[in-house]
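The structure under discussion appears below in the form of structure tokens.
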Amino acid sequence: MRLENYLKSDSFILTEGALVERLKSECQIKLDSFINHAGLIYDDSGSLTKLYRQYIEIAIKYDIPIMLMTPTRKVNFETHKKSMYSESALIKDGCTYLKNLRNEYPAFCEKVFIGGLLGCRGDAFKSDKALGIDDSYEFHKIQVSQFKDAQVDFLFAGLMPEINEAIGMAKAMAESGISYIISFTVRKNGCLLDGTSIANAIKLIDSKVYPKPIGYMSNCIHPLNLKLALEHEVNRDAPEISRFLGIQANASSLSPEELNNSAELQQENFDDMIDEITYLTAKFNLKILGGCCGTDEEFFEKLAKKLLQ
């Protein structure tokens with residue numbers, strides 16, 4: 001079944017929990033300064049594989065479909081060249097890595113969707129150096145074409161802080177013919193970091209790009225902050241909010257700027273977070289649910305269990 005069909009059904013879809021922060025805090029791995037954890041697909045120690053397996057096996061336990069994304073948010077043709085993996089086919093190999101991992105679970109593989117993960121060119125927690133629409137399209141279409149060649153199930157733009165770069169990336173994704181999702185970096189005032197409201201960001205992309213994204217999300221945000229954002233007057237009662245589909249929850253309610261400058265991993269109560277997620281699913285019909293920084297397999301299992309109640 002295609003991802004869109006699951007989204008039209010009454011079913012929830014999980015997406016992975018934290019990877020980068022767990023690799024640093026639990027595994028004591030020093031990540032590549034240019035591409036983060038993307039090169040760990042070649043790591044014989046299996047630290048990255050262990051985390052992906054945890055999330056897959058929890059999804060299997062509760063029989064909930066799961067979206068897995070390549071570890072490539074920081075990978076683009078510029079960072080790839082500067083990294084120690086410049087001679088490797090990082091995007092292609094990342095897709096193959098996840099497909100091979102999915103194939104280890106033949107009875108569940110039809111419920112595991114492999115996504116190509118892209119990110120903004122600059123800092124996802126700042127908007128002042130974002131690309132314009134045309135430059136964004138030219139920049140991101142290079143990565144999109146590699147994901148298209150690898151035949152991923154969907155494309156995912158993670159942590160987009162500014163509307164123009166998001167529009168340009170959406171244009172590049174739309175050309176691929178692959179279903180895609182745009183996920184924003186959001187403040188609790190209901191806006192992206194550049195001040196564009198969530199509702200207006202959705203309206204702009206939907207009006208300028210065809211085919212439109214299958215939906216929108218926010219990642220690396222505490223569910224309480226997303227509740228405040230979606231209920232803020234700039235988004236309240238806006239019809240575009242019906243296109244907002246999910247959250248990858250950060251375990252801290254700090255602002256994006258505070259999180260970006262924090263030297264320590266922030267982690268608040270998982271049960272309280274999941275209560276807030278339950279509220280969001282009921283009020284806003286969110287379908288795609290998972291974790292981000294500060295979450296782990298305990299949070300993921302608590303979330304999966306709660307979704308079946």
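Scheme for the structure tokens: letters A, B, ... for chains in order shown; per-chain residue numbers from 1; ligand numbers from 1 in order shown.
Once A:Thr72 and its same-chain neighbours fewer than 2 positions away are set aside, Ile35, His37, Ala38, Thr70, Lys74, Val75, Ile91, Gly94, Gly116, Leu117, Leu118 and Gly119 of chain A remain within 8 Å of it when counting only C-alpha atoms.
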Do a neighbour search on A:Asp93 at 9 Å with only C-alpha atoms, toss out local chain neighbours closer than 6 positions, and write the hits as a ChimeraX atom specification.
/A:41-42,150
Written selection (C-alpha atoms) as a PDB file, in the first residue's frame:
```pdb
ATOM      1  CA  ILE A  41      25.895   3.171   7.223  1.00  0.00           C
ATOM      2  CA  TYR A  42      29.422   1.898   6.525  1.00  0.00           C
ATOM      3  CA  ALA A 150      17.318   5.093  -5.712  1.00  0.00           C
TER       4      ALA A 150
END
```
Where does DSSP see strand (DSSP E) in stretch 24-173 of chain A, if you list the residues as a list in words?
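Residues meeting the strand (DSSP E) criterion: Ile66, Met67, Leu68, Met69, Val112, Phe113, Ile114, Gly115, Gly116, Leu117, Leu118, Gly119, Phe154, Leu155, Phe156, Ala157, Gly158, Leu159 and Met160 of chain A.
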Can I get the selected residues back with N, CA and C atoms, as a PDB file, in the first residue's frame?
```pdb
ATOM      1  N   ILE A  66       5.497   2.074   9.740  1.00  0.00           N
ATOM      2  CA  ILE A  66       6.561   2.996  10.144  1.00  0.00           C
ATOM      3  C   ILE A  66       7.256   3.595   8.931  1.00  0.00           C
ATOM      4  N   MET A  67       7.566   4.878   9.021  1.00  0.00           N
ATOM      5  CA  MET A  67       8.372   5.583   8.035  1.00  0.00           C
ATOM      6  C   MET A  67       9.800   5.685   8.566  1.00  0.00           C
ATOM      7  N   LEU A  68      10.756   5.169   7.791  1.00  0.00           N
ATOM      8  CA  LEU A  68      12.163   5.332   8.126  1.00  0.00           C
ATOM      9  C   LEU A  68      12.797   6.265   7.110  1.00  0.00           C
ATOM     10  N   MET A  69      13.688   7.131   7.585  1.00  0.00           N
ATOM     11  CA  MET A  69      14.327   8.079   6.682  1.00  0.00           C
ATOM     12  C   MET A  69      15.838   7.899   6.665  1.00  0.00           C
ATOM     13  N   VAL A 112       6.789  -0.901   6.044  1.00  0.00           N
ATOM     14  CA  VAL A 112       7.958  -0.058   6.289  1.00  0.00           C
ATOM     15  C   VAL A 112       8.208   0.787   5.054  1.00  0.00           C
ATOM     16  N   PHE A 113       8.090   2.100   5.202  1.00  0.00           N
ATOM     17  CA  PHE A 113       8.264   3.018   4.083  1.00  0.00           C
ATOM     18  C   PHE A 113       9.623   3.700   4.202  1.00  0.00           C
ATOM     19  N   ILE A 114      10.383   3.676   3.120  1.00  0.00           N
ATOM     20  CA  ILE A 114      11.726   4.256   3.103  1.00  0.00           C
ATOM     21  C   ILE A 114      11.675   5.640   2.476  1.00  0.00           C
ATOM     22  N   GLY A 115      12.136   6.629   3.229  1.00  0.00           N
ATOM     23  CA  GLY A 115      12.098   8.010   2.757  1.00  0.00           C
ATOM     24  C   GLY A 115      13.472   8.605   2.575  1.00  0.00           C
ATOM     25  N   GLY A 116      13.591   9.442   1.574  1.00  0.00           N
ATOM     26  CA  GLY A 116      14.818  10.200   1.348  1.00  0.00           C
ATOM     27  C   GLY A 116      14.742  11.510   2.106  1.00  0.00           C
ATOM     28  N   LEU A 117      15.637  11.692   3.070  1.00  0.00           N
ATOM     29  CA  LEU A 117      15.609  12.863   3.943  1.00  0.00           C
ATOM     30  C   LEU A 117      16.547  13.947   3.424  1.00  0.00           C
ATOM     31  N   LEU A 118      15.995  15.148   3.247  1.00  0.00           N
ATOM     32  CA  LEU A 118      16.772  16.324   2.856  1.00  0.00           C
ATOM     33  C   LEU A 118      16.599  17.403   3.909  1.00  0.00           C
ATOM     34  N   GLY A 119      17.544  18.338   3.943  1.00  0.00           N
ATOM     35  CA  GLY A 119      17.439  19.458   4.866  1.00  0.00           C
ATOM     36  C   GLY A 119      17.838  20.749   4.200  1.00  0.00           C
ATOM     37  N   PHE A 154       9.176   7.810  -0.487  1.00  0.00           N
ATOM     38  CA  PHE A 154       8.743   9.193  -0.319  1.00  0.00           C
ATOM     39  C   PHE A 154       9.966  10.069  -0.074  1.00  0.00           C
ATOM     40  N   LEU A 155       9.777  11.375  -0.160  1.00  0.00           N
ATOM     41  CA  LEU A 155      10.805  12.354   0.153  1.00  0.00           C
ATOM     42  C   LEU A 155      10.346  13.168   1.353  1.00  0.00           C
ATOM     43  N   PHE A 156      11.308  13.609   2.160  1.00  0.00           N
ATOM     44  CA  PHE A 156      10.977  14.332   3.381  1.00  0.00           C
ATOM     45  C   PHE A 156      11.937  15.496   3.554  1.00  0.00           C
ATOM     46  N   ALA A 157      11.392  16.708   3.621  1.00  0.00           N
ATOM     47  CA  ALA A 157      12.195  17.903   3.902  1.00  0.00           C
ATOM     48  C   ALA A 157      12.115  18.172   5.392  1.00  0.00           C
ATOM     49  N   GLY A 158      13.202  17.975   6.112  1.00  0.00           N
ATOM     50  CA  GLY A 158      13.189  18.093   7.562  1.00  0.00           C
ATOM     51  C   GLY A 158      13.703  19.425   8.062  1.00  0.00           C
ATOM     52  N   LEU A 159      13.016  19.980   9.056  1.00  0.00           N
ATOM     53  CA  LEU A 159      13.453  21.194   9.739  1.00  0.00           C
ATOM     54  C   LEU A 159      13.701  22.359   8.776  1.00  0.00           C
ATOM     55  N   MET A 160      12.672  22.754   8.063  1.00  0.00           N
ATOM     56  CA  MET A 160      12.772  23.898   7.152  1.00  0.00           C
ATOM     57  C   MET A 160      12.359  25.162   7.907  1.00  0.00           C
TER      58      MET A 160
END
```
Which of these, A:Glu276, A:Glu301, A:Glu104, A:Asp194, has the shortest distance to A:Tyr62 once you count only C-alpha atoms?
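Residue with the minimum atom-to-atom distance to A:Tyr62: A:Glu301.
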Nearest to A:Val234, chosen from A:Asn5, A:Gln143, A:Ser179, A:Asn200, with only C-alpha atoms counted in the distances
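Under the stated criterion, the closest residue is A:Asn200.
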Top pick for closest residue to A:Phe108, considering A:Asp271, A:Asp135, A:Glu240, A:Asp63 and counting only C-alpha atoms:
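Distance minimum relative to A:Phe108 lands on A:Asp63.
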Shell of 6 Å around A:Ser83, only C-alpha atoms, local chain residues under 3 positions omitted, as a list in words
Phe34, His80 and Ser86 of chain A
Grab the residues selected above and save them as a PDB file, in the first residue's frame with N, CA and C atoms.
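And here is the file that came out, part12.pdb:
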```pdb
ATOM      1  N   PHE A  34      30.489  17.591   8.816  1.00  0.00           N
ATOM      2  CA  PHE A  34      29.781  18.053   7.623  1.00  0.00           C
ATOM      3  C   PHE A  34      28.485  17.291   7.360  1.00  0.00           C
ATOM      4  N   HIS A  80      28.941  16.805   1.083  1.00  0.00           N
ATOM      5  CA  HIS A  80      29.468  15.497   0.683  1.00  0.00           C
ATOM      6  C   HIS A  80      30.930  15.616   0.260  1.00  0.00           C
ATOM      7  N   SER A  86      33.720  11.491   0.775  1.00  0.00           N
ATOM      8  CA  SER A  86      33.525  12.181  -0.500  1.00  0.00           C
ATOM      9  C   SER A  86      33.559  11.240  -1.701  1.00  0.00           C
TER      10      SER A  86
END
```
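Among the candidates A:Ala130, A:Leu224, A:Ile181, A:Cys95, the residue lying nearest to A:Asp149 is A:Cys95 (atoms considered: only C-alpha atoms).
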So that I can check the secondary structure, give me every residue of stretch 71-300 of chain A assigned alpha helix (DSSP H) by backbone DSSP, as a PDB file with C-alpha atoms, in the first residue's frame.
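And here's selection15.pdb as it stands now:
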```
ATOM      1  CA  PHE A  77      26.681  18.043  -2.916  1.00  0.00           C
ATOM      2  CA  GLU A  78      28.648  20.650  -0.931  1.00  0.00           C
ATOM      3  CA  THR A  79      28.889  18.847   2.403  1.00  0.00           C
ATOM      4  CA  HIS A  80      29.468  15.497   0.683  1.00  0.00           C
ATOM      5  CA  LYS A  81      32.605  16.817  -1.005  1.00  0.00           C
ATOM      6  CA  LYS A  82      33.980  18.122   2.279  1.00  0.00           C
ATOM      7  CA  LEU A  90      26.155   8.429   0.312  1.00  0.00           C
ATOM      8  CA  ILE A  91      22.581   8.975  -0.812  1.00  0.00           C
ATOM      9  CA  LYS A  92      22.345   5.881  -2.980  1.00  0.00           C
ATOM     10  CA  ASP A  93      24.067   3.760  -0.343  1.00  0.00           C
ATOM     11  CA  GLY A  94      21.870   5.165   2.418  1.00  0.00           C
ATOM     12  CA  CYS A  95      18.760   4.120   0.504  1.00  0.00           C
ATOM     13  CA  THR A  96      20.167   0.649  -0.153  1.00  0.00           C
ATOM     14  CA  TYR A  97      21.130   0.333   3.513  1.00  0.00           C
ATOM     15  CA  LEU A  98      17.554   0.982   4.689  1.00  0.00           C
ATOM     16  CA  LYS A  99      16.019  -1.241   2.011  1.00  0.00           C
ATOM     17  CA  ASN A 100      18.290  -4.097   3.067  1.00  0.00           C
ATOM     18  CA  LEU A 101      17.333  -3.504   6.693  1.00  0.00           C
ATOM     19  CA  ARG A 102      13.648  -3.575   5.778  1.00  0.00           C
ATOM     20  CA  ASN A 103      14.140  -6.847   3.932  1.00  0.00           C
ATOM     21  CA  ILE A 133      13.188  30.055  -4.222  1.00  0.00           C
ATOM     22  CA  ASP A 134      15.175  29.697  -7.456  1.00  0.00           C
ATOM     23  CA  ASP A 135      18.504  29.026  -5.762  1.00  0.00           C
ATOM     24  CA  SER A 136      16.828  26.494  -3.485  1.00  0.00           C
ATOM     25  CA  TYR A 137      15.306  24.660  -6.432  1.00  0.00           C
ATOM     26  CA  GLU A 138      18.675  24.455  -8.213  1.00  0.00           C
ATOM     27  CA  PHE A 139      20.484  23.383  -5.047  1.00  0.00           C
ATOM     28  CA  HIS A 140      18.089  20.701  -3.847  1.00  0.00           C
ATOM     29  CA  LYS A 141      17.174  19.145  -7.194  1.00  0.00           C
ATOM     30  CA  ILE A 142      20.635  17.529  -7.261  1.00  0.00           C
ATOM     31  CA  GLN A 143      19.917  15.530  -4.115  1.00  0.00           C
ATOM     32  CA  VAL A 144      16.322  14.867  -5.180  1.00  0.00           C
ATOM     33  CA  SER A 145      17.498  13.303  -8.446  1.00  0.00           C
ATOM     34  CA  GLN A 146      19.713  10.879  -6.513  1.00  0.00           C
ATOM     35  CA  PHE A 147      16.802   9.814  -4.326  1.00  0.00           C
ATOM     36  CA  LYS A 148      14.656   9.372  -7.423  1.00  0.00           C
ATOM     37  CA  ASP A 149      17.283   7.088  -8.955  1.00  0.00           C
ATOM     38  CA  ALA A 150      17.318   5.093  -5.712  1.00  0.00           C
ATOM     39  CA  ILE A 163       9.425  29.731   3.512  1.00  0.00           C
ATOM     40  CA  ASN A 164      11.363  30.565   0.328  1.00  0.00           C
ATOM     41  CA  GLU A 165      13.849  27.715   0.643  1.00  0.00           C
ATOM     42  CA  ALA A 166      10.935  25.422   1.509  1.00  0.00           C
ATOM     43  CA  ILE A 167       9.108  26.475  -1.675  1.00  0.00           C
ATOM     44  CA  GLY A 168      12.206  25.869  -3.799  1.00  0.00           C
ATOM     45  CA  MET A 169      12.772  22.459  -2.242  1.00  0.00           C
ATOM     46  CA  ALA A 170       9.110  21.585  -2.766  1.00  0.00           C
ATOM     47  CA  LYS A 171       9.434  22.484  -6.445  1.00  0.00           C
ATOM     48  CA  ALA A 172      12.431  20.164  -6.784  1.00  0.00           C
ATOM     49  CA  MET A 173      10.615  17.364  -4.982  1.00  0.00           C
ATOM     50  CA  ALA A 174       7.432  17.815  -6.997  1.00  0.00           C
ATOM     51  CA  GLU A 175       9.338  17.298 -10.252  1.00  0.00           C
ATOM     52  CA  SER A 176      10.491  13.860  -9.085  1.00  0.00           C
ATOM     53  CA  ILE A 198       2.232  27.674   9.554  1.00  0.00           C
ATOM     54  CA  ALA A 199      -1.105  28.264   7.827  1.00  0.00           C
ATOM     55  CA  ASN A 200       0.355  30.812   5.419  1.00  0.00           C
ATOM     56  CA  ALA A 201       3.402  28.627   4.709  1.00  0.00           C
ATOM     57  CA  ILE A 202       1.097  25.762   3.730  1.00  0.00           C
ATOM     58  CA  LYS A 203      -1.044  28.101   1.622  1.00  0.00           C
ATOM     59  CA  LEU A 204       1.981  29.478  -0.218  1.00  0.00           C
ATOM     60  CA  ILE A 205       3.513  26.097  -1.031  1.00  0.00           C
ATOM     61  CA  ASP A 206       0.169  24.574  -2.036  1.00  0.00           C
ATOM     62  CA  SER A 207      -0.496  27.503  -4.377  1.00  0.00           C
ATOM     63  CA  LYS A 208       2.955  27.615  -5.978  1.00  0.00           C
ATOM     64  CA  PRO A 223       4.269  18.575  21.561  1.00  0.00           C
ATOM     65  CA  LEU A 224       3.173  21.277  24.015  1.00  0.00           C
ATOM     66  CA  ASN A 225       4.889  23.901  21.851  1.00  0.00           C
ATOM     67  CA  LEU A 226       3.219  22.493  18.746  1.00  0.00           C
ATOM     68  CA  LYS A 227      -0.142  22.636  20.514  1.00  0.00           C
ATOM     69  CA  LEU A 228       0.470  26.312  21.277  1.00  0.00           C
ATOM     70  CA  ALA A 229       1.589  26.902  17.678  1.00  0.00           C
ATOM     71  CA  LEU A 230      -1.405  25.276  16.019  1.00  0.00           C
ATOM     72  CA  GLU A 231      -3.849  26.950  18.417  1.00  0.00           C
ATOM     73  CA  PRO A 256      14.645  26.458  18.766  1.00  0.00           C
ATOM     74  CA  GLU A 257      17.342  28.992  19.630  1.00  0.00           C
ATOM     75  CA  GLU A 258      17.705  27.647  23.180  1.00  0.00           C
ATOM     76  CA  LEU A 259      17.925  24.084  21.895  1.00  0.00           C
ATOM     77  CA  ASN A 260      20.518  25.061  19.311  1.00  0.00           C
ATOM     78  CA  PHE A 270       7.682  11.101  28.334  1.00  0.00           C
ATOM     79  CA  ASP A 271       4.207  10.416  29.725  1.00  0.00           C
ATOM     80  CA  ASP A 272       3.358  14.127  29.691  1.00  0.00           C
ATOM     81  CA  MET A 273       4.656  14.394  26.131  1.00  0.00           C
ATOM     82  CA  ILE A 274       2.528  11.482  24.990  1.00  0.00           C
ATOM     83  CA  ASP A 275      -0.542  12.983  26.652  1.00  0.00           C
ATOM     84  CA  GLU A 276       0.050  16.125  24.599  1.00  0.00           C
ATOM     85  CA  ILE A 277       0.493  14.061  21.436  1.00  0.00           C
ATOM     86  CA  THR A 278      -2.790  12.290  22.188  1.00  0.00           C
ATOM     87  CA  TYR A 279      -4.465  15.698  22.447  1.00  0.00           C
ATOM     88  CA  LEU A 280      -2.961  16.745  19.100  1.00  0.00           C
ATOM     89  CA  THR A 281      -4.105  13.588  17.328  1.00  0.00           C
ATOM     90  CA  ALA A 282      -7.644  14.087  18.605  1.00  0.00           C
ATOM     91  CA  LYS A 283      -7.925  17.794  17.844  1.00  0.00           C
ATOM     92  CA  PHE A 284      -5.900  18.078  14.634  1.00  0.00           C
ATOM     93  CA  GLU A 297      13.115   3.380  22.485  1.00  0.00           C
ATOM     94  CA  GLU A 298      11.287   3.831  25.811  1.00  0.00           C
ATOM     95  CA  PHE A 299       9.439   6.879  24.489  1.00  0.00           C
ATOM     96  CA  PHE A 300       8.794   5.141  21.189  1.00  0.00           C
TER      97      PHE A 300
END
```
At a cut-off of 8 Å, using only C-alpha atoms, what residues contact A:Leu7? Leave out same-chain residues fewer than 5 positions from it and give the result as an NGL selection string.
:A and (12-13 or 287)
